[in-house]
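Please read the structure below before turning to the comments.
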Amino acid sequence: MGTGMCSRRQKGLLQTGFCLLAVVCLGSGVFLYHHLQQKVQSAEALAQKYKQQQEALSAQLQVVYEHRSRLERSLQKERGEHKKTKEDFLVYKLEAQEALNKEKVLKLLLPSLIVLISFCIQNQHEDVKKQLLDLQLQHNSLKLEHRKTLETHNQKYAQLQQEKDNEVTNLQGKCDGEPRKHQVEHGS
């Protein structure tokens with residue numbers, strides 16, 4: 001009879017020990033779940049931040065496109081004015097040549113005037129071409145920077161997603177491994 005009492009006590013202690021172990025495992029699981037939730041939330045906040053930065057860069061790029069469009073319209077207008085100026089110049093040249101025939105005195109002044117006007121028009125044309133080239137280079141630079149930023153954001157997002165997946169897999173592996181240990185202990 002004495003041995004039966006000891007067995008019941010040991011059995012009760014063993015059950016209490018298993019219950020405490022189960023409570024500790026459950027508490028650990030809740031703690032790990034809460035910790036993972038916090039990491040996921042911080043990763044989502046970081047992804048949102050990168051998305052906002054990308055949208056800001058897209059908005060800046062849109063402003064650059066609009067500015068470029070305005071400059072191209074200005075260039076077209078400038079070209080139209082240049083063509084008109086050139087036509088005016090040709091008309092002026094014809095009138096000057098007629099005046100040259102009438103007055104021999106203006107013969108020395110007219111070529112100098114024509115060269116000066118042509119030089120001014122060429123300088124103006126070169127300035128407009130240089131502005132267009134500078135804007136195209138700036139546009140290409142911004143486009144490249146935007147592409148690099150987008151690739152960086154995508155890589156960081158993929159890395160964060162991979163880390164999240166790895167943590168979830170590790171935690172699932174840990175959680176799946178612990179019940180098997182308990183089943184082995186219960187079975188023995």
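Going by the structure tokens order, chains are called A, B, ..., each with residues numbered from 1, while ligands are numbered from 1 in the order shown.
Using only C-alpha atoms, the contacts of Leu71 of chain A at a cut-off of 10 Å, with sequence neighbours closer than 6 positions omitted, comprise Tyr65, Lys77, Glu78, Val128, Gln131, Leu132 and Leu135 of chain A.
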Residue neighbourhood Tyr33 of chain A, 12 Å, only C-alpha atoms, exclusion window fewer than 4 positions, as an MDAnalysis selection string: chainID A and resid 26:29 37:40 167:168 171:172 175
Would you write out those residues with N, CA, C and O atoms, as a PDB file, in the first residue's frame?
```pdb
ATOM      1  N   LEU A  26       3.840  27.680 -23.799  1.00  0.00           N
ATOM      2  CA  LEU A  26       2.796  28.565 -24.321  1.00  0.00           C
ATOM      3  C   LEU A  26       3.203  30.033 -24.154  1.00  0.00           C
ATOM      4  O   LEU A  26       3.058  30.841 -25.081  1.00  0.00           O
ATOM      5  N   GLY A  27       3.741  30.369 -22.998  1.00  0.00           N
ATOM      6  CA  GLY A  27       4.209  31.746 -22.758  1.00  0.00           C
ATOM      7  C   GLY A  27       5.315  32.128 -23.720  1.00  0.00           C
ATOM      8  O   GLY A  27       5.340  33.240 -24.266  1.00  0.00           O
ATOM      9  N   SER A  28       6.252  31.207 -23.955  1.00  0.00           N
ATOM     10  CA  SER A  28       7.331  31.475 -24.907  1.00  0.00           C
ATOM     11  C   SER A  28       6.776  31.682 -26.307  1.00  0.00           C
ATOM     12  O   SER A  28       7.220  32.562 -27.052  1.00  0.00           O
ATOM     13  N   GLY A  29       5.804  30.869 -26.677  1.00  0.00           N
ATOM     14  CA  GLY A  29       5.183  30.999 -27.994  1.00  0.00           C
ATOM     15  C   GLY A  29       4.500  32.348 -28.160  1.00  0.00           C
ATOM     16  O   GLY A  29       4.632  33.008 -29.192  1.00  0.00           O
ATOM     17  N   GLN A  37       5.457  39.946 -34.528  1.00  0.00           N
ATOM     18  CA  GLN A  37       4.499  40.967 -34.950  1.00  0.00           C
ATOM     19  C   GLN A  37       5.162  42.345 -34.964  1.00  0.00           C
ATOM     20  O   GLN A  37       4.968  43.131 -35.885  1.00  0.00           O
ATOM     21  N   GLN A  38       5.952  42.626 -33.939  1.00  0.00           N
ATOM     22  CA  GLN A  38       6.643  43.920 -33.892  1.00  0.00           C
ATOM     23  C   GLN A  38       7.630  44.051 -35.050  1.00  0.00           C
ATOM     24  O   GLN A  38       7.735  45.104 -35.671  1.00  0.00           O
ATOM     25  N   LYS A  39       8.351  42.979 -35.344  1.00  0.00           N
ATOM     26  CA  LYS A  39       9.317  43.033 -36.455  1.00  0.00           C
ATOM     27  C   LYS A  39       8.598  43.231 -37.788  1.00  0.00           C
ATOM     28  O   LYS A  39       9.049  43.980 -38.647  1.00  0.00           O
ATOM     29  N   VAL A  40       7.477  42.551 -37.955  1.00  0.00           N
ATOM     30  CA  VAL A  40       6.702  42.689 -39.195  1.00  0.00           C
ATOM     31  C   VAL A  40       6.187  44.115 -39.326  1.00  0.00           C
ATOM     32  O   VAL A  40       6.254  44.716 -40.403  1.00  0.00           O
ATOM     33  N   GLU A 167      12.599  34.088 -40.616  1.00  0.00           N
ATOM     34  CA  GLU A 167      12.219  34.095 -39.205  1.00  0.00           C
ATOM     35  C   GLU A 167      10.958  33.280 -38.972  1.00  0.00           C
ATOM     36  O   GLU A 167      10.868  32.516 -38.018  1.00  0.00           O
ATOM     37  N   VAL A 168       9.989  33.445 -39.852  1.00  0.00           N
ATOM     38  CA  VAL A 168       8.752  32.668 -39.716  1.00  0.00           C
ATOM     39  C   VAL A 168       9.057  31.191 -39.858  1.00  0.00           C
ATOM     40  O   VAL A 168       8.570  30.358 -39.080  1.00  0.00           O
ATOM     41  N   LEU A 171      10.873  29.993 -36.701  1.00  0.00           N
ATOM     42  CA  LEU A 171       9.950  29.890 -35.569  1.00  0.00           C
ATOM     43  C   LEU A 171       9.008  28.712 -35.744  1.00  0.00           C
ATOM     44  O   LEU A 171       8.704  28.008 -34.778  1.00  0.00           O
ATOM     45  N   GLN A 172       8.555  28.478 -36.962  1.00  0.00           N
ATOM     46  CA  GLN A 172       7.700  27.321 -37.194  1.00  0.00           C
ATOM     47  C   GLN A 172       8.485  26.043 -36.937  1.00  0.00           C
ATOM     48  O   GLN A 172       7.956  25.087 -36.373  1.00  0.00           O
ATOM     49  N   CYS A 175       8.787  25.702 -33.184  1.00  0.00           N
ATOM     50  CA  CYS A 175       7.494  25.331 -32.597  1.00  0.00           C
ATOM     51  C   CYS A 175       7.147  23.893 -32.973  1.00  0.00           C
ATOM     52  O   CYS A 175       6.608  23.141 -32.159  1.00  0.00           O
TER      53      CYS A 175
END
```
For a test of reading the model, state the distance in Å between atom CA of Gln41 of chain A and atom CA of Gln162 of chain A, rounded to one decimal.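 One can read the atom CA of Gln41 of chain A to atom CA of Gln162 of chain A distance as 15.0 Å.
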Determine the nearest neighbour of Leu142 of chain A from the options A:Ser42, A:Gln76, A:Gln60, A:Gln48, counting only C-alpha atoms.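 Once distances to Leu142 of chain A are computed over only C-alpha atoms, the minimum belongs to A:Gln60.
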Within 12 Å of segment 109-125 of chain A, counting only C-alpha atoms, which residues show up once you throw out same-chain ones fewer than 4 positions away? Write them as a PyMOL selection string, please. chain A and resi 75-76+78-101+103-105+129-132
